[in-house]
>>> print(open('data-v8.txt').read())   # compact mmCIF, C-alpha atoms and all ligand atoms
# COMPACT_ATOMS: atom_id res chain seq x y z
CA MET A 1272 0.62 -58.55 0.86
CA VAL A 1273 3.70 -60.67 1.63
CA GLU A 1274 6.36 -58.64 3.40
CA LEU A 1275 9.74 -58.93 1.70
CA VAL A 1276 12.59 -59.82 4.05
CA ASN A 1277 16.19 -58.93 3.32
CA ARG A 1278 17.77 -62.33 4.05
CA LEU A 1279 21.44 -63.10 3.92
CA ARG A 1280 22.07 -65.16 0.77
CA TRP A 1281 25.06 -66.35 -1.18
CA SER A 1282 25.39 -66.01 -4.91
CA THR A 1283 28.42 -65.76 -7.19
CA THR A 1284 27.52 -62.13 -7.97
CA ARG A 1285 27.16 -61.21 -4.31
CA ALA A 1286 30.42 -62.87 -3.26
CA ARG A 1287 32.33 -61.27 -6.16
CA MET A 1288 30.92 -57.87 -5.23
CA LEU A 1289 31.99 -58.24 -1.60
CA HIS A 1290 35.52 -59.20 -2.62
CA GLY A 1291 35.63 -56.45 -5.26
CA CYS A 1292 34.56 -53.59 -2.94
CA ALA A 1293 32.82 -53.93 0.44
CA ARG A 1294 31.22 -50.48 0.06
CA HIS A 1295 29.68 -51.51 -3.26
CA TYR A 1296 28.31 -54.60 -1.51
CA TYR A 1297 26.78 -52.45 1.26
CA LEU A 1298 25.15 -50.01 -1.18
CA ARG A 1299 23.76 -52.82 -3.32
CA TYR A 1300 22.54 -55.27 -0.68
CA TYR A 1301 21.69 -53.01 2.28
CA LEU A 1302 21.21 -49.35 1.43
CA ALA A 1303 19.18 -50.27 -1.68
CA TRP A 1304 16.75 -52.46 0.27
CA ASN A 1305 13.19 -51.03 0.33
CA GLY A 1306 14.19 -48.46 -2.29
CA TRP A 1307 11.04 -49.38 -4.22
CA GLU A 1308 8.88 -47.89 -1.42
CA SER A 1309 7.59 -44.38 -2.10
CA GLU A 1310 8.53 -43.26 1.44
CA ALA A 1311 12.14 -44.49 1.12
CA SER A 1312 14.89 -41.87 1.50
CA SER A 1313 16.32 -40.38 -1.70
CA ALA A 1314 19.64 -42.19 -1.06
CA THR A 1315 17.85 -45.54 -0.73
CA ARG A 1316 15.76 -44.90 -3.85
CA LEU A 1317 18.89 -44.00 -5.80
CA ALA A 1318 20.77 -47.07 -4.50
CA TYR A 1319 17.82 -49.26 -5.53
CA ALA A 1320 17.69 -47.69 -9.01
CA LEU A 1321 21.43 -48.33 -9.41
CA SER A 1322 20.91 -51.97 -8.38
CA LYS A 1323 18.81 -52.34 -11.54
CA MET A 1324 21.32 -50.48 -13.70
CA THR A 1325 22.92 -52.23 -16.62
CA ASP A 1326 25.76 -51.28 -18.94
CA LEU A 1327 26.61 -52.33 -22.46
CA PRO A 1328 28.80 -55.38 -21.66
CA SER A 1329 26.21 -56.61 -19.11
CA LEU A 1330 23.36 -55.95 -21.52
CA VAL A 1331 25.11 -58.06 -24.17
CA GLY A 1332 25.39 -60.89 -21.63
CA GLU A 1333 21.77 -60.62 -20.50
CA VAL A 1334 20.28 -60.48 -24.00
CA VAL A 1335 22.45 -63.34 -25.31
CA HIS A 1336 21.64 -65.52 -22.28
CA ASP A 1337 17.89 -64.82 -22.55
CA LEU A 1338 17.79 -65.58 -26.27
CA ILE A 1339 19.78 -68.79 -25.86
CA ALA A 1340 17.60 -69.92 -22.94
CA SER A 1341 14.42 -69.24 -24.94
CA HIS A 1342 15.86 -71.01 -27.96
CA LEU A 1343 16.86 -74.11 -26.00
CA ARG A 1344 13.31 -74.29 -24.73
CA THR A 1345 12.11 -74.51 -28.33
CA LEU A 1346 14.13 -77.74 -28.71
CA GLU A 1347 11.26 -79.32 -26.78
CA ALA A 1348 8.78 -78.17 -29.43
CA PRO A 1349 8.04 -80.42 -32.45
CA VAL A 1350 9.78 -77.92 -34.77
CA GLU A 1351 12.83 -75.88 -33.74
CA ILE A 1352 12.14 -72.15 -34.07
CA THR A 1353 14.66 -69.99 -35.94
CA LEU A 1354 16.87 -67.77 -33.79
CA ASP A 1355 17.75 -64.50 -35.53
CA PRO A 1356 21.09 -63.05 -34.26
CA GLN A 1357 19.82 -59.54 -35.09
CA GLU A 1358 17.10 -59.97 -32.45
CA ALA A 1359 19.86 -59.39 -29.86
CA LEU A 1360 20.54 -55.93 -31.31
CA ARG A 1361 16.83 -55.10 -31.50
CA ARG A 1362 16.36 -55.93 -27.81
CA MET A 1363 19.40 -53.94 -26.75
CA ARG A 1364 18.27 -50.94 -28.78
CA GLY A 1365 14.90 -51.12 -26.97
CA VAL A 1366 16.55 -50.96 -23.51
CA TRP A 1367 18.90 -48.21 -24.69
CA ALA A 1368 16.14 -46.04 -26.18
CA ASP A 1369 14.01 -46.42 -23.06
CA ALA A 1370 16.91 -45.43 -20.77
CA ARG A 1371 17.65 -42.42 -22.97
CA GLN A 1372 14.03 -41.31 -22.89
CA HIS A 1373 13.86 -41.55 -19.08
CA TRP A 1374 17.16 -39.75 -18.70
CA ALA A 1375 15.84 -36.85 -20.82
CA MET A 1376 12.70 -36.63 -18.65
CA GLY A 1377 14.72 -35.32 -15.69
CA ALA A 1378 16.28 -36.35 -12.37
CA GLU A 1379 13.12 -37.89 -10.87
CA SER A 1380 12.44 -40.06 -13.94
CA ARG A 1381 16.01 -41.36 -13.95
CA VAL A 1382 15.37 -43.33 -10.75
CA ALA A 1383 11.61 -43.94 -11.11
CA SER A 1384 10.42 -47.53 -11.81
CA PRO A 1385 13.95 -48.83 -12.46
CA LYS A 1386 12.70 -52.40 -12.75
CA ARG A 1387 10.60 -51.48 -15.81
CA HIS A 1388 12.81 -48.66 -17.05
CA ARG A 1389 16.33 -49.80 -16.38
CA PRO A 1390 19.01 -47.12 -16.19
CA VAL A 1391 22.00 -47.70 -18.48
CA ALA A 1392 25.37 -46.65 -17.00
CA GLU A 1393 26.75 -45.12 -20.20
CA ILE A 1394 23.68 -42.87 -20.45
CA PHE A 1395 23.26 -42.18 -16.72
CA TYR A 1396 26.89 -41.08 -16.41
CA GLY A 1397 26.90 -39.10 -19.68
CA GLU A 1398 29.49 -41.34 -21.38
CA GLU A 1399 27.48 -42.32 -24.42
CA ASN A 1400 29.57 -40.24 -26.80
CA ARG A 1401 32.95 -40.74 -25.15
CA ASP A 1402 34.06 -43.71 -27.26
CA PRO A 1403 31.40 -44.56 -29.87
CA ASP A 1404 33.68 -47.08 -31.66
CA ARG A 1405 34.09 -49.10 -28.47
CA LEU A 1406 30.31 -49.09 -27.94
CA ARG A 1407 29.73 -50.22 -31.53
CA VAL A 1408 32.20 -53.10 -31.19
CA LEU A 1409 30.62 -54.12 -27.88
CA ALA A 1410 27.06 -53.97 -29.23
CA ASN A 1411 28.00 -56.09 -32.27
CA ARG A 1412 29.31 -58.71 -29.90
CA ALA A 1413 25.71 -59.73 -29.10
CA PRO A 1414 24.70 -60.98 -32.59
CA GLU A 1415 28.21 -62.44 -33.01
CA CYS A 1416 27.74 -64.46 -29.80
CA ILE A 1417 24.36 -65.72 -31.03
CA GLU A 1418 25.95 -66.71 -34.36
CA ALA A 1419 28.70 -68.54 -32.44
CA PHE A 1420 26.08 -70.37 -30.37
CA LEU A 1421 24.21 -71.44 -33.53
CA ARG A 1422 27.47 -72.79 -35.01
CA SER A 1423 28.56 -74.52 -31.80
CA GLY A 1424 29.13 -78.23 -31.56
CA LEU A 1425 27.27 -78.17 -28.24
CA LEU A 1426 24.02 -77.02 -29.90
CA SER A 1427 24.35 -79.84 -32.46
CA ARG A 1428 24.75 -82.33 -29.62
CA LEU A 1429 21.80 -80.85 -27.73
CA ARG A 1430 19.59 -81.16 -30.83
CA GLU A 1431 20.32 -84.89 -30.87
CA ALA A 1432 19.73 -85.38 -27.14
CA PRO A 1433 16.48 -86.91 -25.84
CA ARG A 1434 14.40 -84.12 -24.28
CA GLU A 1435 14.35 -85.81 -20.87
CA ASP A 1436 18.15 -85.44 -20.73
CA LEU A 1437 17.84 -81.63 -20.58
CA LEU A 1438 17.65 -81.54 -16.78
CA TRP A 1439 17.71 -77.77 -16.28
CA LEU A 1440 17.39 -74.70 -18.50
CA ASP A 1441 17.90 -71.19 -17.17
CA PRO A 1442 14.38 -69.82 -16.62
CA ALA A 1443 15.74 -66.47 -18.00
CA GLY A 1444 14.45 -63.03 -17.14
CA GLY A 1445 16.48 -62.72 -13.91
CA SER A 1446 13.47 -63.06 -11.61
CA PHE A 1447 13.84 -64.95 -8.35
CA ASP A 1448 12.97 -68.63 -8.52
CA GLU A 1449 12.89 -70.95 -5.46
CA ARG A 1450 14.23 -73.82 -7.59
CA THR A 1451 17.55 -72.01 -7.83
CA VAL A 1452 18.05 -71.99 -4.05
CA LEU A 1453 20.13 -74.61 -2.28
CA GLU A 1454 20.58 -74.33 1.50
CA ILE A 1455 24.03 -74.62 3.07
CA ASP A 1456 24.05 -74.51 6.90
CA GLY A 1457 20.52 -73.07 6.71
CA ILE A 1458 21.56 -70.15 4.48
CA PRO A 1459 20.12 -69.85 0.95
CA VAL A 1460 22.73 -70.31 -1.77
CA HIS A 1461 21.44 -68.96 -5.08
CA CYS A 1462 22.70 -70.72 -8.23
CA VAL A 1463 21.35 -70.31 -11.78
CA PRO A 1464 23.27 -72.51 -14.21
CA ASP A 1465 22.56 -71.87 -17.88
CA LEU A 1466 22.08 -75.54 -18.67
CA VAL A 1467 22.44 -78.93 -16.98
CA TRP A 1468 22.08 -82.02 -19.14
CA ARG A 1469 22.79 -85.72 -19.17
CA THR A 1470 25.40 -86.79 -21.68
CA ASP A 1471 27.28 -90.11 -22.04
CA GLY A 1472 26.07 -91.14 -18.57
CA ASP A 1473 27.45 -87.97 -16.95
CA VAL A 1474 25.66 -84.83 -15.81
CA GLU A 1475 27.22 -81.74 -17.40
CA VAL A 1476 26.81 -78.19 -16.07
CA VAL A 1477 27.18 -75.60 -18.84
CA ASP A 1478 27.71 -71.86 -18.66
CA TRP A 1479 27.85 -69.50 -21.68
CA LYS A 1480 30.20 -66.55 -21.41
CA THR A 1481 30.02 -63.40 -23.52
CA GLY A 1482 33.07 -61.72 -21.98
CA VAL A 1483 36.70 -62.71 -21.64
CA PRO A 1484 37.65 -65.74 -19.49
CA THR A 1485 38.30 -65.01 -15.79
CA VAL A 1486 40.07 -67.10 -13.16
CA SER A 1487 36.83 -67.60 -11.22
CA ASP A 1488 34.80 -69.09 -14.10
CA GLY A 1489 35.70 -72.63 -13.01
CA ASP A 1490 34.76 -71.86 -9.37
CA GLN A 1491 31.33 -70.76 -10.53
CA ILE A 1492 30.84 -74.07 -12.37
CA ALA A 1493 31.88 -75.98 -9.22
CA ALA A 1494 29.27 -74.04 -7.17
CA TYR A 1495 26.66 -74.95 -9.80
CA GLY A 1496 27.87 -78.56 -9.49
CA LEU A 1497 26.99 -78.45 -5.77
CA TRP A 1498 23.56 -77.16 -6.72
CA ALA A 1499 23.12 -79.95 -9.32
CA VAL A 1500 23.95 -82.56 -6.66
CA GLY A 1501 21.64 -80.96 -4.06
CA LYS A 1502 18.71 -79.98 -6.26
CA LEU A 1503 18.79 -82.34 -9.24
CA GLY A 1504 20.19 -85.37 -7.43
CA ALA A 1505 23.23 -85.57 -9.74
CA ASP A 1506 25.79 -88.23 -8.82
CA PRO A 1507 28.93 -86.36 -7.66
CA GLU A 1508 31.06 -89.10 -9.25
CA ARG A 1509 29.50 -88.45 -12.69
CA LEU A 1510 29.58 -84.68 -12.76
CA ARG A 1511 31.48 -82.43 -15.16
CA GLY A 1512 31.39 -78.83 -16.36
CA ARG A 1513 31.76 -76.92 -19.60
CA LEU A 1514 32.38 -73.24 -20.25
CA VAL A 1515 31.45 -71.93 -23.69
CA TYR A 1516 33.15 -68.64 -24.60
CA LEU A 1517 30.90 -67.23 -27.30
CA ALA A 1518 32.90 -64.03 -27.84
CA GLU A 1519 35.84 -66.21 -28.87
CA GLY A 1520 34.10 -68.09 -31.65
CA THR A 1521 32.82 -71.38 -30.30
CA ARG A 1522 35.58 -72.12 -27.80
CA GLU A 1523 34.42 -74.78 -25.35
CA GLU A 1524 36.43 -75.52 -22.25
CA PRO A 1525 35.74 -78.68 -20.25
CA VAL A 1526 35.91 -78.12 -16.47
CA PRO A 1527 36.47 -81.11 -14.20
CA VAL A 1528 34.00 -81.11 -11.31
CA ASP A 1529 35.19 -83.87 -8.97
CA ARG A 1530 34.64 -84.39 -5.25
CA GLU A 1531 37.61 -82.19 -4.41
CA ALA A 1532 36.20 -79.31 -6.54
CA LEU A 1533 32.81 -79.69 -4.83
CA GLU A 1534 34.39 -79.66 -1.37
CA THR A 1535 36.42 -76.57 -2.26
CA ALA A 1536 33.28 -74.84 -3.58
CA ALA A 1537 31.38 -75.62 -0.35
CA ALA A 1538 34.32 -74.39 1.78
CA THR A 1539 34.53 -71.16 -0.26
CA ILE A 1540 30.80 -70.52 0.12
CA ARG A 1541 31.04 -71.07 3.90
CA SER A 1542 34.01 -68.73 4.15
CA ASP A 1543 32.19 -66.06 2.06
CA LEU A 1544 29.12 -66.39 4.30
CA GLN A 1545 31.27 -65.96 7.39
CA GLU A 1546 32.79 -62.83 5.87
CA MET A 1547 29.29 -61.51 5.15
CA ALA A 1548 28.12 -62.36 8.68
CA ASP A 1549 31.13 -60.53 10.17
CA LEU A 1550 29.77 -57.34 8.59
CA LEU A 1551 26.45 -57.63 10.42
CA ALA A 1552 25.51 -55.82 13.62
CA ARG A 1553 22.52 -58.15 14.18
CA PRO A 1554 23.08 -61.37 12.20
CA GLU A 1555 19.64 -62.79 13.09
CA GLU A 1556 18.02 -59.79 11.33
CA ASN A 1557 20.68 -59.39 8.63
CA LEU A 1558 21.22 -55.81 9.85
CA PRO A 1559 24.56 -54.40 8.69
CA LEU A 1560 27.24 -52.53 10.59
CA PRO A 1561 27.38 -48.79 9.86
CA MET A 1562 28.35 -47.91 6.27
CA ASP A 1563 31.86 -46.73 7.19
CA ARG A 1564 32.72 -50.29 8.27
CA PHE A 1565 32.40 -51.36 4.62
CA ARG A 1566 35.74 -50.44 3.12
CA ARG A 1567 35.86 -48.45 -0.10
CA ARG A 1568 38.01 -49.75 -2.93
CA ASP A 1569 38.92 -46.23 -4.07
CA GLU A 1570 40.82 -47.25 -7.20
CA PRO A 1571 39.93 -44.92 -10.06
CA ALA A 1572 40.26 -47.71 -12.66
CA VAL A 1573 37.68 -49.79 -10.75
CA CYS A 1574 35.47 -46.93 -9.49
CA GLY A 1575 35.29 -45.47 -13.01
CA ARG A 1576 33.25 -48.54 -14.08
CA CYS A 1577 31.22 -48.92 -10.84
CA HIS A 1578 27.48 -48.28 -11.11
CA TYR A 1579 27.53 -46.69 -7.61
CA ARG A 1580 30.23 -44.14 -8.32
CA VAL A 1581 27.78 -41.26 -7.89
CA PHE A 1582 27.74 -42.11 -4.14
CA CYS A 1583 31.51 -42.20 -3.63
CA TRP A 1584 32.60 -39.64 -6.22
CA PRO A 1585 29.81 -37.05 -6.60
CA ASP A 1586 32.21 -34.75 -8.49
CA GLY A 1587 33.40 -37.51 -10.81
CA VAL A 1588 36.03 -40.24 -10.50
CA PRO A 1589 39.59 -38.93 -10.86
CA ALA A 1590 41.51 -40.19 -13.91
CA PRO A 1591 43.53 -43.34 -13.14
CA PRO A 1592 47.30 -42.75 -12.82
CA ARG A 1593 49.20 -43.39 -16.09
S1 LIG A 1601 32.85 -46.21 -6.59
FE1 LIG A 1601 34.64 -47.38 -5.96
S2 LIG A 1601 34.69 -47.25 -3.74
FE2 LIG A 1601 32.62 -46.65 -4.41
S3 LIG A 1601 31.40 -48.47 -4.32
FE3 LIG A 1601 32.19 -48.34 -6.38
S4 LIG A 1601 34.11 -49.50 -6.38
FE4 LIG A 1601 33.56 -49.10 -4.28
>>> encode(input="data-v8.txt", output="structure tokens")
Amino acid sequence: MVELVNRLRWSTTRARMLHGCARHYYLRYYLAWNGWESEASSATRLAYALSKMTDLPSLVGEVVHDLIASHLRTLEAPVEITLDPQEALRRMRGVWADARQHWAMGAESRVASPKRHRPVAEIFYGEENRDPDRLRVLANRAPECIEAFLRSGLLSRLREAPREDLLWLDPAGGSFDERTVLEIDGIPVHCVPDLVWRTDGDVEVVDWKTGVPTVSDGDQIAAYGLWAVGKLGADPERLRGRLVYLAEGTREEPVPVDREALETAAATIRSDLQEMADLLARPEENLPLPMDRFRRRDEPAVCGRCHYRVFCWPDGVPAPPR
């Protein structure tokens, strides 16, 4: 059997986690490693289970992205297959029911086989009934996002595009894929754009968003631009980006991806990697410094949404100050 190695890698998620809370980063990328082994410590097994945890806003994003990716793949078929927005709700209900069932089976089941039976934060932390209206609004966002995608001008343009111009479609499913890895200074940089296609002589990198816009959305597109140049051979002079905010109707936002944006993205990735390396005791083995060197964020408003809060706040996160 191939032995899995915990290599240092860059990804948008990993870098955001490090900047959000270094302790979270440690628990997710170091303590959780090997947590799938039966002889792993209970802390490692729990950290691993939490690394597979989802929550309702993330589940909306995952289901919407998977359905869109599968649907775009059908554009290559002779007849386009219908995409039912309600399928998003059916899939989410399946994950939710499974998490509820495993929660009810007791403490051991809550962390057993988390890849197949993913824990859901709202259930794991007993918050399912705290604000049912909010959960309902969030859940309904999934079919609304699919409806917005089906109405979008981008989908109409993609339907008209020659199939060979669809250069990359998200393989979906979240599993690791070597094609998504670009090396920078010998370190793997993991990028999974939703779509890259050729349009009007340019190469456009597209990302769907199911949440609200954030200041780093454009940076993510620029990192994907680097990947498109390195892995797809895109011409850096003919590169552009597009963000599609599906929770806001069909709002599309063009993102310029010029040489300066690419250089900034590469510099940011190098600086993130240096920050990650500075937290290693043995960089050649990717062995981290002791846990207490990874600073805790300790802000109730942030910790109250963190999947790892059971580690830092075993008695519950205090209420944020009013
Ligand atoms: S609970 Fe707070 S301090 Fe602990 S890992 Fe999460 S964000 Fe960081």
>>> residues_around(input="data-v8.txt", residues="Arg1294 in chain A", least_positions_apart="4", cutoff="6 Å", atoms="only C-alpha atoms", output="PyMOL selection string")
chain A and resi 1565-1567
>>> write_last_selection(input="data-v8.txt", atoms="C-alpha atoms", output="mmCIF file, in the coordinates of the input")
data_model
loop_
_atom_site.group_PDB
_atom_site.id
_atom_site.type_symbol
_atom_site.label_atom_id
_atom_site.label_comp_id
_atom_site.auth_asym_id
_atom_site.auth_seq_id
_atom_site.Cartn_x
_atom_site.Cartn_y
_atom_site.Cartn_z
ATOM 1 C CA PHE A 1565 32.400 -51.360 4.620
ATOM 2 C CA ARG A 1566 35.740 -50.440 3.120
ATOM 3 C CA ARG A 1567 35.860 -48.450 -0.100
#
>>> closest_atom_pairs(input="data-v8.txt", of="chain A", to="ligand LIG 1601 (chain A)", cutoff="10 Å", atoms="all atoms listed in the file", output="Markdown table")
| residue | atom | partner | partner_atom | distance |
| --- | --- | --- | --- | --- |
| A:Met1288 | CA | A:LIG1601 | S4 | 9.0 |
| A:Leu1289 | CA | A:LIG1601 | FE4 | 9.7 |
| A:Gly1291 | CA | A:LIG1601 | S4 | 7.2 |
| A:Cys1292 | CA | A:LIG1601 | FE4 | 4.8 |
| A:Ala1293 | CA | A:LIG1601 | FE4 | 6.8 |
| A:Arg1294 | CA | A:LIG1601 | S3 | 4.8 |
| A:His1295 | CA | A:LIG1601 | S3 | 3.7 |
| A:Tyr1296 | CA | A:LIG1601 | S3 | 7.4 |
| A:Tyr1297 | CA | A:LIG1601 | S3 | 8.3 |
| A:Leu1298 | CA | A:LIG1601 | S3 | 7.2 |
| A:Arg1299 | CA | A:LIG1601 | S3 | 8.8 |
| A:Phe1565 | CA | A:LIG1601 | FE4 | 9.3 |
| A:Arg1566 | CA | A:LIG1601 | S2 | 7.6 |
| A:Arg1567 | CA | A:LIG1601 | S2 | 4.0 |
| A:Arg1568 | CA | A:LIG1601 | S2 | 4.2 |
| A:Asp1569 | CA | A:LIG1601 | S2 | 4.4 |
| A:Glu1570 | CA | A:LIG1601 | FE1 | 6.3 |
| A:Pro1571 | CA | A:LIG1601 | FE1 | 7.1 |
| A:Ala1572 | CA | A:LIG1601 | FE1 | 8.8 |
| A:Val1573 | CA | A:LIG1601 | S4 | 5.7 |
| A:Cys1574 | CA | A:LIG1601 | FE1 | 3.7 |
| A:Gly1575 | CA | A:LIG1601 | S1 | 6.9 |
| A:Arg1576 | CA | A:LIG1601 | FE3 | 7.8 |
| A:Cys1577 | CA | A:LIG1601 | FE3 | 4.6 |
| A:His1578 | CA | A:LIG1601 | FE3 | 6.7 |
| A:Tyr1579 | CA | A:LIG1601 | FE3 | 5.1 |
| A:Arg1580 | CA | A:LIG1601 | S1 | 3.8 |
| A:Val1581 | CA | A:LIG1601 | S1 | 7.2 |
| A:Phe1582 | CA | A:LIG1601 | FE2 | 6.7 |
| A:Cys1583 | CA | A:LIG1601 | FE2 | 4.7 |
| A:Trp1584 | CA | A:LIG1601 | S1 | 6.6 |
| A:Pro1585 | CA | A:LIG1601 | S1 | 9.7 |
| A:Gly1587 | CA | A:LIG1601 | S1 | 9.7 |
| A:Val1588 | CA | A:LIG1601 | S1 | 7.8 |
>>> residues_around(input="data-v8.txt", residues="Glu1308 in chain A", least_positions_apart="4", cutoff="12 Å", atoms="all atoms listed in the file", output="MDAnalysis selection string")
chainID A and resid 1275 1303:1304 1312:1313 1315:1317 1319:1320 1383:1384
>>> closest_residue(input="data-v8.txt", among="A:Leu1406, A:Leu1550, A:Ile1492, A:Ala1499", to="Leu1330 in chain A", atoms="all atoms listed in the file")
A:Leu1406
>>> closest_residue(input="data-v8.txt", among="A:Glu1347, A:Asp1490, A:Glu1415, A:Asp1586", to="Thr1535 in chain A", atoms="all atoms listed in the file")
A:Asp1490
>>> atom_distance(input="data-v8.txt", atom1="CA of Leu1429 in chain A", atom2="CA of Trp1498 in chain A")
21.4 Å
